[in-house]
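Visitor: Have a peek at work.cif (mmCIF, C-alpha atoms).
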```cif
data_run
#
loop_
_atom_site.label_atom_id
_atom_site.label_comp_id
_atom_site.auth_asym_id
_atom_site.auth_seq_id
_atom_site.Cartn_x
_atom_site.Cartn_y
_atom_site.Cartn_z
CA MET I 914 -4.01 31.15 2.11
CA ARG I 915 -7.24 32.78 3.23
CA LEU I 916 -7.90 34.42 6.58
CA ASP I 917 -11.20 32.57 6.95
CA ASP I 918 -9.41 29.22 6.56
CA VAL I 919 -6.91 30.11 9.28
CA LEU I 920 -9.66 31.25 11.66
CA THR I 921 -11.53 28.00 11.01
CA ILE I 922 -8.46 25.98 11.98
CA VAL I 923 -7.97 27.98 15.18
CA ALA I 924 -11.64 27.64 16.17
CA ARG I 925 -11.63 23.89 15.42
CA GLU I 926 -8.38 23.19 17.28
CA THR I 927 -9.23 25.28 20.38
CA GLY I 928 -13.00 24.97 20.54
CA ASP I 929 -13.30 28.75 21.00
CA ASP I 930 -14.85 31.50 18.94
CA VAL I 931 -12.36 33.78 17.16
CA GLY I 932 -12.92 37.51 16.75
CA VAL I 933 -10.49 39.50 14.66
CA ARG I 934 -9.22 42.75 16.17
CA GLU I 935 -6.60 43.68 13.57
CA VAL I 936 -4.97 42.06 10.54
CA ARG I 937 -1.33 43.09 10.85
CA VAL I 938 0.14 41.16 7.91
CA ASP I 939 -1.80 39.79 4.95
CA HIS I 940 0.58 38.11 2.50
CA PRO I 941 -0.16 35.11 0.24
CA GLU I 942 2.25 33.02 2.32
CA ARG I 943 1.96 34.72 5.72
CA LEU I 944 -0.75 36.09 8.02
CA VAL I 945 -0.42 37.86 11.37
CA VAL I 946 -3.69 38.65 13.16
CA GLU I 947 -4.49 40.13 16.56
CA ALA I 948 -7.68 38.52 17.79
CA ASP I 949 -9.91 37.44 20.66
CA LEU I 950 -9.97 33.70 21.24
CA GLY I 951 -12.90 33.15 23.53
CA THR I 952 -12.06 35.45 26.44
CA ARG I 953 -8.34 35.55 25.64
CA HIS I 954 -6.43 38.19 23.70
CA VAL I 955 -4.07 36.46 21.24
CA VAL I 956 -1.84 36.84 18.21
CA ILE I 957 -2.35 34.36 15.38
CA LYS I 958 0.43 33.68 12.87
CA ALA I 959 -0.01 31.44 9.86
CA ALA I 960 2.27 30.42 7.01
CA VAL I 961 2.19 28.43 3.77
CA PRO I 962 4.45 26.70 3.08
CA ASP I 963 5.87 25.85 6.49
CA GLY I 964 9.43 26.57 5.41
CA PRO I 965 11.52 29.50 4.19
CA MET I 966 9.31 32.52 3.62
CA PRO I 967 9.34 36.30 4.04
CA GLY I 968 10.12 37.07 7.67
CA GLY I 969 11.53 33.67 8.52
CA ASP I 970 10.41 30.11 9.11
CA LEU I 971 7.39 29.72 11.38
CA ALA I 972 8.41 26.28 12.64
CA LYS I 973 11.86 27.67 13.45
CA GLU I 974 10.20 30.57 15.27
CA ILE I 975 8.40 28.08 17.49
CA ARG I 976 11.62 26.20 18.27
CA ALA I 977 13.56 29.40 18.96
CA THR I 978 10.80 30.84 21.14
CA ASP I 979 10.75 27.62 23.17
CA ALA I 980 14.55 27.73 23.48
CA ALA I 981 14.39 31.33 24.69
CA ARG I 982 11.73 30.44 27.25
CA ALA I 983 13.87 27.56 28.53
CA ALA I 984 16.78 30.00 28.91
CA GLY I 985 14.69 32.24 31.15
CA VAL I 986 13.73 34.88 28.59
CA ALA I 987 10.15 36.17 28.83
CA VAL I 988 8.19 35.21 25.70
CA PRO I 989 4.44 35.07 24.98
CA PRO I 990 2.82 31.83 26.21
CA ARG I 991 1.97 29.51 23.34
CA MET I 992 -1.64 28.34 22.99
CA LEU I 993 -1.64 26.42 19.73
CA TRP I 994 0.82 25.00 17.23
CA HIS I 995 -0.83 23.40 14.21
CA GLU I 996 1.71 21.97 11.76
CA GLY I 997 -0.54 22.54 8.78
CA PRO I 998 -0.78 23.18 6.02
CA PRO I 999 -1.21 25.98 6.69
CA ALA I 1000 1.01 26.13 9.76
CA VAL I 1001 -0.71 28.09 12.52
CA TYR I 1002 0.80 29.47 15.71
CA VAL I 1003 -1.33 31.11 18.41
CA ALA I 1004 0.27 32.92 21.34
CA GLU I 1005 -1.08 35.00 24.16
CA PHE I 1006 -1.01 38.74 23.50
CA VAL I 1007 1.38 40.42 25.92
CA SER I 1008 0.90 44.09 26.66
CA GLY I 1009 3.88 46.30 27.22
CA HIS I 1010 5.84 49.21 25.85
CA GLU I 1011 8.29 48.69 23.01
CA LEU I 1012 11.87 49.59 23.75
CA ALA I 1013 12.50 52.90 21.99
CA ALA I 1014 14.98 55.71 21.53
CA ASP I 1015 13.40 57.66 24.39
CA SER I 1016 13.23 54.70 26.77
CA PRO I 1017 15.23 55.13 29.98
CA ASP I 1018 18.66 53.56 30.31
CA SER I 1019 17.24 51.05 32.78
CA TRP I 1020 15.07 49.57 30.01
CA TRP I 1021 18.03 49.20 27.66
CA ARG I 1022 20.01 47.65 30.52
CA ALA I 1023 17.22 45.16 31.22
CA THR I 1024 17.11 44.19 27.56
CA GLY I 1025 20.86 43.61 27.60
CA ALA I 1026 20.41 41.29 30.59
CA ALA I 1027 17.68 39.35 28.76
CA LEU I 1028 19.95 38.97 25.74
CA ARG I 1029 22.67 37.54 27.95
CA ARG I 1030 20.21 34.91 29.19
CA LEU I 1031 19.30 34.06 25.61
CA HIS I 1032 22.88 33.85 24.39
CA GLY I 1033 24.15 32.05 27.45
CA GLY I 1034 21.35 29.60 28.05
CA ALA I 1035 19.38 28.77 24.90
CA GLY I 1036 19.97 25.39 23.32
CA THR I 1037 21.47 25.34 19.84
CA ASP I 1038 20.61 21.85 18.58
CA GLY I 1039 18.80 21.90 15.25
CA PHE I 1040 19.58 25.54 14.46
CA PRO I 1041 21.85 26.34 11.51
CA TYR I 1042 24.13 29.27 11.02
CA PHE I 1043 22.48 32.03 9.01
CA GLY I 1044 22.07 31.37 5.32
CA GLY I 1045 22.26 27.63 6.00
CA ARG I 1046 26.06 27.91 6.05
CA ASP I 1047 28.47 26.22 8.45
CA SER I 1048 30.49 29.41 8.91
CA TRP I 1049 29.33 32.71 10.41
CA TRP I 1050 32.03 34.75 8.70
CA GLY I 1051 31.60 32.86 5.44
CA TRP I 1052 27.93 33.77 5.42
CA LEU I 1053 28.76 37.43 6.16
CA HIS I 1054 31.21 37.51 3.26
CA GLU I 1055 28.52 36.15 0.93
CA TRP I 1056 25.96 38.58 2.32
CA THR I 1057 28.38 41.48 1.85
CA GLU I 1058 28.91 40.72 -1.83
CA TYR I 1059 25.19 40.19 -2.38
CA GLU I 1060 24.27 43.53 -0.80
CA ARG I 1061 27.09 45.30 -2.65
CA ASP I 1062 25.75 44.05 -5.99
CA ARG I 1063 22.18 44.96 -5.07
CA ALA I 1064 23.16 48.45 -3.90
CA LEU I 1065 25.05 49.09 -7.14
CA ALA I 1066 22.14 47.80 -9.21
CA ASP I 1067 19.48 49.75 -7.30
CA GLY I 1068 21.56 52.92 -7.14
CA PHE I 1069 20.21 54.13 -3.82
CA VAL I 1070 23.70 55.26 -2.80
CA THR I 1071 26.59 56.30 -5.03
CA PRO I 1072 29.00 53.65 -6.34
CA ALA I 1073 31.87 55.32 -4.48
CA ALA I 1074 29.92 55.10 -1.21
CA VAL I 1075 29.06 51.46 -1.87
CA GLU I 1076 32.72 50.60 -2.37
CA ARG I 1077 33.78 52.40 0.82
CA LEU I 1078 31.11 50.60 2.80
CA THR I 1079 31.96 47.24 1.25
CA ALA I 1080 35.66 47.69 2.02
CA VAL I 1081 34.79 48.15 5.71
CA LEU I 1082 32.81 44.92 5.72
CA ARG I 1083 35.46 42.88 3.93
CA ARG I 1084 38.13 43.98 6.40
CA ALA I 1085 35.91 43.47 9.45
CA PHE I 1086 34.80 39.95 8.54
CA ALA I 1087 38.18 38.57 7.43
CA ASP I 1088 40.53 36.27 9.35
CA ARG I 1089 38.38 35.74 12.43
CA ALA I 1090 37.85 32.63 14.49
CA GLU I 1091 34.36 31.22 14.35
CA PRO I 1092 32.20 32.26 17.33
CA PRO I 1093 31.00 29.49 19.65
CA PRO I 1094 27.57 28.29 18.50
CA THR I 1095 25.16 30.78 20.04
CA LEU I 1096 21.44 31.13 19.37
CA LEU I 1097 20.72 34.68 18.18
CA HIS I 1098 17.36 36.40 17.97
CA GLY I 1099 18.43 37.38 14.46
CA ASP I 1100 16.18 40.43 14.06
CA CYS I 1101 16.84 42.01 17.43
CA GLY I 1102 15.30 45.45 16.86
CA PRO I 1103 14.05 47.39 19.90
CA TYR I 1104 10.47 46.95 18.64
CA HIS I 1105 10.77 43.21 19.39
CA TRP I 1106 11.20 43.85 23.13
CA LEU I 1107 8.26 44.72 25.37
CA LEU I 1108 8.84 46.13 28.85
CA ARG I 1109 6.84 47.19 31.89
CA ASP I 1110 8.31 48.76 35.01
CA GLU I 1111 11.91 48.21 33.87
CA THR I 1112 11.22 44.52 33.28
CA VAL I 1113 11.25 42.69 29.95
CA VAL I 1114 7.84 41.05 29.69
CA ALA I 1115 8.21 39.62 26.18
CA ALA I 1116 10.76 39.08 23.46
CA LEU I 1117 8.91 38.73 20.16
CA ASP I 1118 9.30 37.33 16.64
CA PHE I 1119 12.08 34.74 16.60
CA GLY I 1120 11.46 33.84 12.95
CA ASP I 1121 14.97 34.89 11.93
CA ALA I 1122 16.77 33.05 14.72
CA GLY I 1123 19.98 31.19 13.98
CA LEU I 1124 23.51 30.56 15.17
CA GLY I 1125 26.15 33.26 15.08
CA ASP I 1126 28.08 35.98 16.85
CA PRO I 1127 26.14 37.38 19.84
CA ALA I 1128 27.59 40.83 19.11
CA PHE I 1129 25.33 40.87 16.04
CA ASP I 1130 22.20 40.96 18.21
CA LEU I 1131 23.62 43.80 20.32
CA ALA I 1132 24.55 45.76 17.20
CA THR I 1133 21.10 45.19 15.71
CA LEU I 1134 19.46 46.35 18.93
CA THR I 1135 21.43 49.63 18.73
CA LEU I 1136 21.12 50.08 14.96
CA TRP I 1137 19.46 53.49 15.32
CA ASP I 1138 20.59 54.12 18.89
CA ARG I 1139 24.32 53.44 18.68
CA ASP I 1140 25.10 55.48 21.80
CA ARG I 1141 23.09 53.01 23.90
CA LEU I 1142 25.59 50.21 23.35
CA GLY I 1143 27.45 50.94 26.59
CA VAL I 1144 24.27 50.62 28.65
CA VAL I 1145 23.29 47.41 26.82
CA LEU I 1146 26.75 45.93 27.43
CA ALA I 1147 26.47 46.84 31.10
CA GLY I 1148 23.13 45.04 31.38
CA TYR I 1149 24.60 42.13 29.43
CA GLY I 1150 27.40 41.85 31.96
CA ALA I 1151 29.89 41.77 29.12
CA GLU I 1152 33.44 40.70 29.85
CA PRO I 1153 36.07 43.21 28.61
CA ALA I 1154 37.08 41.08 25.62
CA PHE I 1155 33.50 40.65 24.42
CA ALA I 1156 32.74 44.34 24.98
CA ALA I 1157 35.76 45.29 22.87
CA HIS I 1158 34.75 42.79 20.18
CA THR I 1159 31.20 44.21 20.09
CA ARG I 1160 32.38 47.80 19.87
CA GLU I 1161 34.77 46.88 17.06
CA LEU I 1162 32.04 45.20 15.03
CA GLN I 1163 29.16 47.56 15.82
CA LEU I 1164 29.81 49.72 12.75
CA PRO I 1165 30.29 46.85 10.25
CA TYR I 1166 27.19 45.12 11.56
CA HIS I 1167 25.27 48.39 11.28
CA VAL I 1168 26.44 48.83 7.69
CA ILE I 1169 25.35 45.37 6.55
CA ARG I 1170 22.00 45.74 8.31
CA HIS I 1171 21.39 49.15 6.72
CA LEU I 1172 22.36 47.89 3.26
CA ALA I 1173 19.97 44.97 3.62
CA ALA I 1174 17.18 47.22 4.93
CA ALA I 1175 17.57 49.71 2.08
CA ASP I 1176 17.52 46.86 -0.44
CA TRP I 1177 14.33 45.43 1.08
CA LEU I 1178 12.60 48.82 1.34
CA VAL I 1179 13.41 49.73 -2.27
CA ASP I 1180 12.27 46.32 -3.54
CA HIS I 1181 8.97 46.57 -1.69
CA GLY I 1182 8.17 50.15 -2.65
CA PHE I 1183 8.70 51.71 0.77
CA ASP I 1184 10.50 54.94 1.58
CA ALA I 1185 14.15 54.07 2.18
CA THR I 1186 15.24 57.69 2.68
CA PRO I 1187 16.23 57.52 6.39
CA THR I 1188 18.29 54.39 5.81
CA VAL I 1189 19.93 55.80 2.70
CA VAL I 1190 20.79 59.03 4.52
CA GLU I 1191 22.40 56.99 7.30
CA LEU I 1192 24.43 54.97 4.80
CA GLU I 1193 25.61 58.17 3.15
CA ARG I 1194 26.53 59.62 6.54
CA ILE I 1195 28.61 56.56 7.38
CA ALA I 1196 30.27 56.55 3.95
CA ASP I 1197 31.13 60.24 4.27
CA ALA I 1198 32.60 59.67 7.73
CA LEU I 1199 34.79 56.93 6.29
CA GLY I 1200 36.20 59.43 3.83
#
```
Once you've parsed the file, please lay out its structure as structure tokens.

Guide:
Amino acid sequence: MRLDDVLTIVARETGDDVGVREVRVDHPERLVVEADLGTRHVVIKAAVPDGPMPGGDLAKEIRATDAARAAGVAVPPRMLWHEGPPAVYVAEFVSGHELAADSPDSWWRATGAALRRLHGGAGTDGFPYFGGRDSWWGWLHEWTEYERDRALADGFVTPAAVERLTAVLRRAFADRAEPPPTLLHGDCGPYHWLLRDETVVAALDFGDAGLGDPAFDLATLTLWDRDRLGVVLAGYGAEPAFAAHTRELQLPYHVIRHLAAADWLVDHGFDATPTVVELERIADALG
């Protein structure tokens, strides 16, 4: 897939000139470009094939973004959806500040409230559980064993640490009732939430959306800011039982996310040191 081909499709479908500001992702199967479309500032995403790919499924991202919008979550307005090939998605660029470690509590609270709207109001038809499975906990068990084997093979943490971490996951994910079908963002990092004046103005990048336990999104949001969970739960309006459930699973969900992140970073030649240090810290704390 070539950038010029994608820009040609956008210009043809919209009738506007396209001027590239920044190429954010340039992968043989995926492009993400910030651009001017006539007088409008946009983000262009393209994918070949329109199916499973690094970063998620673009068609699924469209469906999940539409479901979030219908639930009252702020998302970038869509301008173009071209089914392809290549599939092309154009959305309005939304300016704002990413949620971050130094953001005020009010921003974290507002994000929790937006997540409650997503989890409570987004439609679930046509979305599978993660991994294409029909069981949230079954998928987590499979994911646990996969990440255990990869961590042992890659050697980024000691075998003893891997086994301690894996034991936590096996215990946490066993003998639980399936959560009610709930649409999750799926990659709910703070960098996917834009705010202005204590208001969420855009939730971004729903390519990893799927059905599962809403506590997973809250744990992912606080992956590097675990002490913010209380504020997020307050904004979420969490009932006591759900708050207790989320606190119980925050650590296991953090462990599986960190294991997966370290695996991905090592495989793609990036520095995994901060994630590895965090995994070692958790393993040491487990004794």

Visitor: Quick one: which residues end up in the PyMOL selection byres ((chain I and resi 1188-1190) around 8) for this structure, as a PyMOL selection string?

Guide: chain I and resi 1069-1070+1171+1174-1175+1185-1187+1191-1194

Visitor: Output C-alpha atoms for every residue in the selection just made, as an mmCIF file, keeping the file's coordinate frame.

Guide:
```cif
data_model
loop_
_atom_site.group_PDB
_atom_site.id
_atom_site.type_symbol
_atom_site.label_atom_id
_atom_site.label_comp_id
_atom_site.auth_asym_id
_atom_site.auth_seq_id
_atom_site.Cartn_x
_atom_site.Cartn_y
_atom_site.Cartn_z
ATOM 1 C CA PHE I 1069 20.210 54.130 -3.820
ATOM 2 C CA VAL I 1070 23.700 55.260 -2.800
ATOM 3 C CA HIS I 1171 21.390 49.150 6.720
ATOM 4 C CA ALA I 1174 17.180 47.220 4.930
ATOM 5 C CA ALA I 1175 17.570 49.710 2.080
ATOM 6 C CA ALA I 1185 14.150 54.070 2.180
ATOM 7 C CA THR I 1186 15.240 57.690 2.680
ATOM 8 C CA PRO I 1187 16.230 57.520 6.390
ATOM 9 C CA GLU I 1191 22.400 56.990 7.300
ATOM 10 C CA LEU I 1192 24.430 54.970 4.800
ATOM 11 C CA GLU I 1193 25.610 58.170 3.150
ATOM 12 C CA ARG I 1194 26.530 59.620 6.540
#
```

Visitor: For this file, the PyMOL selection byres ((chain I and resi 1104) around 7) selects which residues, as JSON, numbers by chain?

Guide: {"I": [1011, 1012, 1102, 1103, 1105, 1106]}

Visitor: As a check of understanding, name the residues that the PyMOL selection byres ((chain I and resi 914) around 7) selects in the supplied structure, as an NGL selection string.

Guide: :I and (915-916 or 941-942 or 961)

Visitor: Tell me which protein, DNA and RNA residues are within 7 Å of segment 1109-1114 of chain I, counting only C-alpha atoms, leaving out same-chain ones fewer than 6 positions away, and put them as a VMD selection string.

Guide: chain I and resid 987 1009 to 1010 1019 to 1020 1023 to 1024

Visitor: Could you list as an mmCIF file with C-alpha atoms, in the frame of the given file every residue that has an atom within 10 Å of (17.7, 52.5, 27.3), using the file's coordinates and counting all atoms listed in the file?

Guide:
```
data_model
loop_
_atom_site.group_PDB
_atom_site.id
_atom_site.type_symbol
_atom_site.label_atom_id
_atom_site.label_comp_id
_atom_site.auth_asym_id
_atom_site.auth_seq_id
_atom_site.Cartn_x
_atom_site.Cartn_y
_atom_site.Cartn_z
ATOM 1 C CA LEU I 1012 11.870 49.590 23.750
ATOM 2 C CA ALA I 1013 12.500 52.900 21.990
ATOM 3 C CA ALA I 1014 14.980 55.710 21.530
ATOM 4 C CA ASP I 1015 13.400 57.660 24.390
ATOM 5 C CA SER I 1016 13.230 54.700 26.770
ATOM 6 C CA PRO I 1017 15.230 55.130 29.980
ATOM 7 C CA ASP I 1018 18.660 53.560 30.310
ATOM 8 C CA SER I 1019 17.240 51.050 32.780
ATOM 9 C CA TRP I 1020 15.070 49.570 30.010
ATOM 10 C CA TRP I 1021 18.030 49.200 27.660
ATOM 11 C CA ARG I 1022 20.010 47.650 30.520
ATOM 12 C CA ALA I 1023 17.220 45.160 31.220
ATOM 13 C CA THR I 1024 17.110 44.190 27.560
ATOM 14 C CA GLY I 1025 20.860 43.610 27.600
ATOM 15 C CA PRO I 1103 14.050 47.390 19.900
ATOM 16 C CA GLU I 1111 11.910 48.210 33.870
ATOM 17 C CA THR I 1135 21.430 49.630 18.730
ATOM 18 C CA ASP I 1138 20.590 54.120 18.890
ATOM 19 C CA ASP I 1140 25.100 55.480 21.800
ATOM 20 C CA ARG I 1141 23.090 53.010 23.900
ATOM 21 C CA LEU I 1142 25.590 50.210 23.350
ATOM 22 C CA GLY I 1143 27.450 50.940 26.590
ATOM 23 C CA VAL I 1144 24.270 50.620 28.650
ATOM 24 C CA VAL I 1145 23.290 47.410 26.820
#
```

Visitor: Closest to Trp1056 of chain I among I:Ala959, I:Ala1080, I:Ile1169, I:Ala1196, using all atoms listed in the file?

Guide: I:Ile1169

Visitor: To one decimal place, how far is atom CA of Leu1172 of chain I from atom CA of Ala1198 of chain I in Å?

Guide: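 Separating atom CA of Leu1172 of chain I from atom CA of Ala1198 of chain I is a distance of 16.2 Å.
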
Visitor: Give the answer as one residue: which of I:Arg1029, I:His1054, I:His1098, I:Lys958 has the shortest atom-to-atom distance to Glu1152 of chain I, using all atoms listed in the file?

Guide: I:Arg1029

Visitor: Which one is closest to Glu1060 of chain I: I:Ala1173, I:Pro1127, I:Ala1000, I:Ala1132? Count all atoms listed in the file.

Guide: I:Ala1173

Visitor: Rounded to one decimal place, report the atom CA of Ala1115 of chain I-atom CA of Val986 of chain I distance in Å.

Guide: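 Computing it gives 7.7 Å between the two atoms.
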
Visitor: Would you kindly return, as a ChimeraX atom specification, each protein, DNA or RNA residue with an atom no farther than 12 Å from any atom of Ala1066 of chain I, considering only C-alpha atoms and excluding same-chain residues fewer than 4 positions away?

Guide: /I:1059-1062,1070-1072,1075,1176,1179-1180

Visitor: Place a sphere of radius 12 Å on (19.8, 25.7, 6.8) in the file coordinates and name every protein, DNA or RNA residue with an atom inside or on its surface, counting only C-alpha atoms; give the answer as a CSV table (one decimal) with C-alpha atoms, in the frame of the given file.

Guide:
```
chain,number,residue,atom,x,y,z
I,964,GLY,CA,9.4,26.6,5.4
I,965,PRO,CA,11.5,29.5,4.2
I,969,GLY,CA,11.5,33.7,8.5
I,970,ASP,CA,10.4,30.1,9.1
I,973,LYS,CA,11.9,27.7,13.4
I,1039,GLY,CA,18.8,21.9,15.2
I,1040,PHE,CA,19.6,25.5,14.5
I,1041,PRO,CA,21.8,26.3,11.5
I,1042,TYR,CA,24.1,29.3,11.0
I,1043,PHE,CA,22.5,32.0,9.0
I,1044,GLY,CA,22.1,31.4,5.3
I,1045,GLY,CA,22.3,27.6,6.0
I,1046,ARG,CA,26.1,27.9,6.0
I,1047,ASP,CA,28.5,26.2,8.4
I,1048,SER,CA,30.5,29.4,8.9
I,1052,TRP,CA,27.9,33.8,5.4
I,1121,ASP,CA,15.0,34.9,11.9
I,1122,ALA,CA,16.8,33.0,14.7
I,1123,GLY,CA,20.0,31.2,14.0
I,1124,LEU,CA,23.5,30.6,15.2
```

Visitor: Report as a list in words all protein, DNA and RNA residues lying within 7 Å of Val936 of chain I, evaluated on all atoms listed in the file, omitting residues in the same chain fewer than 3 positions from it.

Guide: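 Everything that qualifies: Asp939, Val945, Val946 and Glu947 of chain I.
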
Visitor: Just the number, please: distance in Å from atom CA of Leu1134 of chain I to atom CA of Leu1146 of chain I, one decimal.

Guide: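 Pair atom CA of Leu1134 of chain I / atom CA of Leu1146 of chain I returns 11.2 Å.
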
Visitor: Counting only C-alpha atoms, which residues of segment 994-1083 of chain I sit at most 9 Å from some atom of segment 1160-1167 of chain I, and what is each one's closest atom pair with its distance in Å to one decimal, listed by chain and rising residue number, as JSON lines?

Guide:
```
{"residue": "I:Leu1078", "atom": "CA", "partner": "I:Pro1165", "partner_atom": "CA", "distance": 8.4}
{"residue": "I:Val1081", "atom": "CA", "partner": "I:Pro1165", "partner_atom": "CA", "distance": 6.5}
{"residue": "I:Leu1082", "atom": "CA", "partner": "I:Pro1165", "partner_atom": "CA", "distance": 5.5}
```

Visitor: Which one of I:Ala1026, I:Ala1156, I:Leu1053, I:Ile975 sits closest to Glu1091 of chain I if you count all atoms listed in the file?

Guide: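 Going through I:Ala1026, I:Ala1156, I:Leu1053, I:Ile975 one by one, the smallest distance to Glu1091 of chain I is for I:Leu1053.
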
Visitor: At a cut-off of 12 Å, using all atoms listed in the file, what residues contact Arg934 of chain I? Leave out same-chain residues fewer than 3 positions from it and give the result as a PyMOL selection string.

Guide: chain I and resi 931+937+945-950+953-957+1006

Visitor: Select, from I:His940, I:His1181, I:Arg1063, I:Arg925, the residue with the minimum atom-to-atom distance to His995 of chain I, counting all atoms listed in the file.

Guide: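 Answer, going by the shortest atom-to-atom distance: I:Arg925.
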
Visitor: Nearest to Arg991 of chain I among I:Leu1117, I:Thr1079, I:Trp1050, I:Gly1036, with distances taken over all atoms listed in the file: which residue is it?

Guide: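 Distance minimum relative to Arg991 of chain I lands on I:Leu1117.
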